[in-house]
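Engineer: Just dropping this structure here.
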Amino acid sequence: MSLYDPIARLYDAETRNYLDDLGFYLEMARRTGGPILDAMCGSGRLLIPLAEQGYAVTGCDLSPAMLALAQARAAAAGLAVTLVAGDLCRVSLPEQQFSLAFVAINSFMHLERTRDQLAALATLHRALQADGVLILDLLNPDPITIGQDDNRLLVDKTFTLDGQQVLKLVASSSDSASQISQMTYIYDVHSEHTPPRRFMIQFALRWVHRYELEHLLHRAGFALRAVYGSYDLDEYTSTSERLIALAVPQRG
Ligand SMILES: C[S@@+](CC[C@H](N)C(=O)[O-])C[C@H]1O[C@@H](n2cnc3c(N)ncnc32)[C@H](O)[C@@H]1O
């Protein structure tokens, strides 16, 4: 079972209406055309609206449960999408196929080890057309905020799933030497007719700094073309919320 399988429906319900980055990907899709690769696509939060706009979209994810939700959403909307189950570090995808590939909202941070980051970038490099574009959207690591992480369980949000109230709690503890945050997500699901149920996942997120990212991309055969600090393409600064890299493959 993969990490997100037990919480797939909860993740989908909690993020389905998060659309802050959608305009950014629609603009990138408009500039590059398709086909598009949504790597670590989850339950299709971005994949579905991109397919609705007529783009040929392929999604890849490790979690069969997340992909099943994406497939169900596509089927319900009458959309044809291609979904590939597998680890981005070693999955086989069509080569030199995509004009745009992206790894949205912190998902690249699931890759804890440098060799996994490089393996995933190699997959993306093989999948992109010679004039394709890669987008990586990462949290901009803020040393002060990260230093305050003390593993206390805090209420993150509430939302509903099939009429049930869900309380999400999050704890994180971080270590700047390893650039790792250990995360705990707890979802308490309250329904009128059954006792409350608790779902929990724990995982590590590896932060990546701006010049580390440039070096990683270079080792994987990409050239960094732009770094943005927001989905509005603001300049990247030390206080930016996002660290968004736009890179292109270098061949030969
Ligand atoms: C935070 S979710 C993001 C999902 C989606 N991109 C979105 O924007 O809502 C991270 C996703 O990455 C997937 N994932 C984690 N590690 C992966 C890997 N090595 N290969 C492929 N998918 C992976 C998880 O299964 C999960 O669906």
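In the structure tokens, chains take letters A, B, ... by order of appearance, with residues numbered from 1 within each chain and ligands from 1 in the order shown.
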Quick one: pick out all helix (DSSP H, G or I) residues within range 99-245 of chain A from a backbone DSSP run and write them as a ChimeraX atom specification.

Structural biologist: /A:107-110,114-127,143-147,210-219

Engineer: When you look at Arg16 in chain A with a cut-off of 12 Å (counting only C-alpha atoms), what residues show up, excluding the ones that are within fewer than 5 positions of it in the same chain? I need them as a list in words.

Structural biologist: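 Once the nearby chain positions are removed, what remains is Ala8, Arg9, Leu10, Tyr11, Leu22, Gly42, Ser43, Gly44, Arg45, Leu46, Leu47, Ile48, Pro49, Leu69, Ala70, Arg73, Phe159, Thr160 and Leu161 of chain A.
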
Engineer: What is the distance between CA of Asp137 in chain A and CA of Arg152 in chain A, in Å to one decimal?

Structural biologist: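 Going from CA of Asp137 in chain A over to CA of Arg152 in chain A covers 26.5 Å.
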
Engineer: As JSON, numbers by chain, please: every protein or nucleic acid residue near ligand 1 (cut-off 7 Å, counting only C-alpha atoms and all ligand atoms).

Structural biologist: {"A": [2, 3, 4, 15, 39, 40, 41, 42, 43, 44, 45, 46, 60, 61, 62, 63, 66, 86, 87, 88, 89, 103, 104, 105, 106, 107, 110, 111]}

Engineer: Taking N, CA and C atoms for each residue, export the selection above as a short mmCIF file (atom, residue, chain, number, x, y, z; two decimals), in the first residue's frame.

Structural biologist:
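What follows is the written file result.cif:
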```cif
data_model
loop_
_atom_site.label_atom_id
_atom_site.label_comp_id
_atom_site.auth_asym_id
_atom_site.auth_seq_id
_atom_site.Cartn_x
_atom_site.Cartn_y
_atom_site.Cartn_z
N SER A 2 0.53 2.24 -0.79
CA SER A 2 1.38 3.42 -0.81
C SER A 2 0.83 4.46 0.19
N LEU A 3 1.69 5.41 0.50
CA LEU A 3 1.44 6.37 1.60
C LEU A 3 0.05 6.99 1.56
N TYR A 4 -0.38 7.44 0.38
CA TYR A 4 -1.62 8.20 0.29
C TYR A 4 -2.86 7.32 0.18
N THR A 15 -8.56 19.02 -0.75
CA THR A 15 -7.81 19.86 -1.70
C THR A 15 -8.58 20.16 -2.99
N ALA A 39 3.03 14.94 -13.18
CA ALA A 39 3.77 13.91 -12.44
C ALA A 39 3.42 14.02 -10.96
N MET A 40 3.11 12.89 -10.33
CA MET A 40 2.59 12.86 -8.94
C MET A 40 1.24 13.57 -8.92
N CYS A 41 0.36 13.15 -9.81
CA CYS A 41 -0.89 13.86 -10.09
C CYS A 41 -1.94 13.71 -9.01
N GLY A 42 -1.76 12.75 -8.09
CA GLY A 42 -2.74 12.56 -7.04
C GLY A 42 -4.11 12.21 -7.60
N SER A 43 -5.14 12.83 -7.04
CA SER A 43 -6.52 12.50 -7.43
C SER A 43 -7.01 13.37 -8.58
N GLY A 44 -6.08 14.08 -9.22
CA GLY A 44 -6.44 14.78 -10.45
C GLY A 44 -6.86 16.22 -10.26
N ARG A 45 -6.47 16.81 -9.15
CA ARG A 45 -6.86 18.19 -8.84
C ARG A 45 -6.56 19.13 -10.00
N LEU A 46 -5.38 19.00 -10.62
CA LEU A 46 -5.01 19.85 -11.76
C LEU A 46 -5.25 19.16 -13.09
N CYS A 60 0.69 10.62 -13.58
CA CYS A 60 1.45 9.50 -13.04
C CYS A 60 1.46 9.63 -11.52
N ASP A 61 1.23 8.55 -10.82
CA ASP A 61 1.25 8.60 -9.35
C ASP A 61 1.53 7.22 -8.80
N LEU A 62 2.08 7.23 -7.58
CA LEU A 62 2.42 5.99 -6.87
C LEU A 62 1.19 5.34 -6.25
N SER A 63 0.17 6.13 -5.97
CA SER A 63 -0.96 5.64 -5.18
C SER A 63 -2.12 5.17 -6.07
N MET A 66 -5.36 7.05 -5.20
CA MET A 66 -5.44 8.41 -5.75
C MET A 66 -5.77 8.36 -7.23
N GLY A 86 2.86 4.25 -10.81
CA GLY A 86 4.27 3.92 -10.66
C GLY A 86 5.03 5.00 -9.93
N ASP A 87 6.24 4.62 -9.57
CA ASP A 87 7.16 5.52 -8.86
C ASP A 87 7.86 6.39 -9.90
N LEU A 88 7.76 7.68 -9.73
CA LEU A 88 8.36 8.59 -10.72
C LEU A 88 9.86 8.33 -10.89
N CYS A 89 10.49 7.73 -9.90
CA CYS A 89 11.93 7.47 -9.98
C CYS A 89 12.25 6.37 -10.98
N VAL A 103 5.56 18.98 -11.61
CA VAL A 103 5.36 18.32 -10.32
C VAL A 103 4.83 19.41 -9.40
N ALA A 104 3.54 19.34 -9.11
CA ALA A 104 2.85 20.45 -8.43
C ALA A 104 3.06 20.37 -6.91
N ILE A 105 2.70 21.43 -6.32
CA ILE A 105 2.59 21.69 -4.88
C ILE A 105 3.35 20.74 -3.93
N ASN A 106 4.64 20.94 -3.87
CA ASN A 106 5.51 20.28 -2.87
C ASN A 106 5.72 18.79 -3.08
N SER A 107 5.12 18.20 -4.11
CA SER A 107 5.18 16.74 -4.23
C SER A 107 6.62 16.25 -4.44
N HIS A 110 8.57 14.87 -1.57
CA HIS A 110 8.44 13.49 -1.08
C HIS A 110 9.71 12.68 -1.37
N LEU A 111 10.52 13.17 -2.29
CA LEU A 111 11.75 12.43 -2.64
C LEU A 111 12.83 12.86 -1.66
#
```

Engineer: One decimal, Å: what's the distance from CA of Thr58 in chain A over to CA of Arg210 in chain A, could you say?

Structural biologist: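 Computing the Euclidean distance for CA of Thr58 in chain A and CA of Arg210 in chain A yields 27.8 Å.
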
Engineer: Would you mind reading off the distance between CA of Thr32 in chain A and CA of Leu134 in chain A, one decimal, in Å?

Structural biologist: 10.4 Å

Engineer: Compile the contact shell of Asn140 in chain A as a PyMOL selection string: residues with an atom at most 6 Å away, counting only C-alpha atoms, same-chain residues fewer than 2 positions apart removed.

Structural biologist: chain A and resi 241-243

Engineer: For range 193-199 of chain A, list every protein, DNA or RNA residue within 9 Å, evaluated using only C-alpha atoms, and leave out those in the same chain fewer than 5 positions away; present the list as a PyMOL selection string.

Structural biologist: chain A and resi 6-7+185-188

Engineer: If we count only C-alpha atoms and set the cut-off at 8 Å, which residues sit around Phe222 in chain A, ignoring sequence neighbours fewer than 3 positions away in its own chain? Please answer as a list in words.

Structural biologist: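 Near Phe222 in chain A, the qualifying residues are His125, Leu217, His218, Arg219, Ala247, Val248, Pro249 and Gln250 of chain A.
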
Engineer: Keeping C-alpha atoms, export the residues of the selection given above as a compact mmCIF listing (two decimals), in the first residue's frame.

Structural biologist:
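File written: selection.txt
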```txt
# COMPACT_ATOMS: atom_id res chain seq x y z
CA HIS A 125 13.87 14.50 -18.90
CA LEU A 217 18.49 20.25 -12.49
CA HIS A 218 21.85 20.71 -14.15
CA ARG A 219 23.01 17.21 -13.08
CA ALA A 247 13.60 24.43 -16.66
CA VAL A 248 14.24 23.08 -20.14
CA PRO A 249 16.04 19.91 -21.22
CA GLN A 250 19.53 20.22 -22.62
```

Engineer: Can you work out which one of A:Val81, A:Gly221, A:Val57, A:Ser181 has the shortest atom-to-atom distance to Ala119 in chain A, counting only C-alpha atoms?

Structural biologist: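 Of the candidates, the smallest distance to Ala119 in chain A is held by A:Gly221.
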
Engineer: Quick one: everything within 9 Å of Arg206 in chain A, counting only C-alpha atoms, minus sequence neighbours fewer than 2 positions away in the same chain. Send it as a PyMOL selection string.

Structural biologist: chain A and resi 108-113+178-182+204+208

Engineer: Dump C-alpha atoms for the selected residues as a PDB file, in the first residue's frame?

Structural biologist:
```pdb
ATOM      1  CA  PHE A 108       8.838  16.679  -5.320  1.00  0.00           C
ATOM      2  CA  MET A 109       9.638  17.072  -1.602  1.00  0.00           C
ATOM      3  CA  HIS A 110       8.444  13.488  -1.082  1.00  0.00           C
ATOM      4  CA  LEU A 111      11.748  12.435  -2.643  1.00  0.00           C
ATOM      5  CA  GLU A 112      14.024  12.306   0.367  1.00  0.00           C
ATOM      6  CA  ARG A 113      17.294  11.218  -1.160  1.00  0.00           C
ATOM      7  CA  SER A 178      19.179  16.851   6.904  1.00  0.00           C
ATOM      8  CA  GLN A 179      16.705  19.353   5.374  1.00  0.00           C
ATOM      9  CA  ILE A 180      13.917  17.038   6.426  1.00  0.00           C
ATOM     10  CA  SER A 181      10.555  17.787   8.041  1.00  0.00           C
ATOM     11  CA  GLN A 182       8.874  14.788   9.626  1.00  0.00           C
ATOM     12  CA  ALA A 204       9.181  12.994   5.484  1.00  0.00           C
ATOM     13  CA  VAL A 208      15.346  21.986  -1.494  1.00  0.00           C
TER      14      VAL A 208
END
```

Engineer: Taking only C-alpha atoms into account, name the residue in A:Met183, A:Leu128, A:Val84, A:Met28 that is nearest to Gln202 in chain A.

Structural biologist: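 Of the candidates, the smallest distance to Gln202 in chain A is held by A:Met183.
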
Engineer: Can you work out which one of A:Ala223, A:Ala77, A:Leu205, A:Leu19 has the shortest atom-to-atom distance to Ile146 in chain A, counting only C-alpha atoms?

Structural biologist: A:Leu205

Engineer: DSSP on the backbone: what in range 31-220 of chain A comes out strand (DSSP E), as a PyMOL selection string?

Structural biologist: chain A and resi 36-39+57-61+82-85+98-103+128-139+154-161+164-175+180-190+197-206

Engineer: When you count only C-alpha atoms, which of these residues is closest to Arg31 in chain A: A:Asp131, A:Glu14, A:Glu95, A:Asp5?

Structural biologist: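 Under the stated criterion, the closest residue is A:Asp131.
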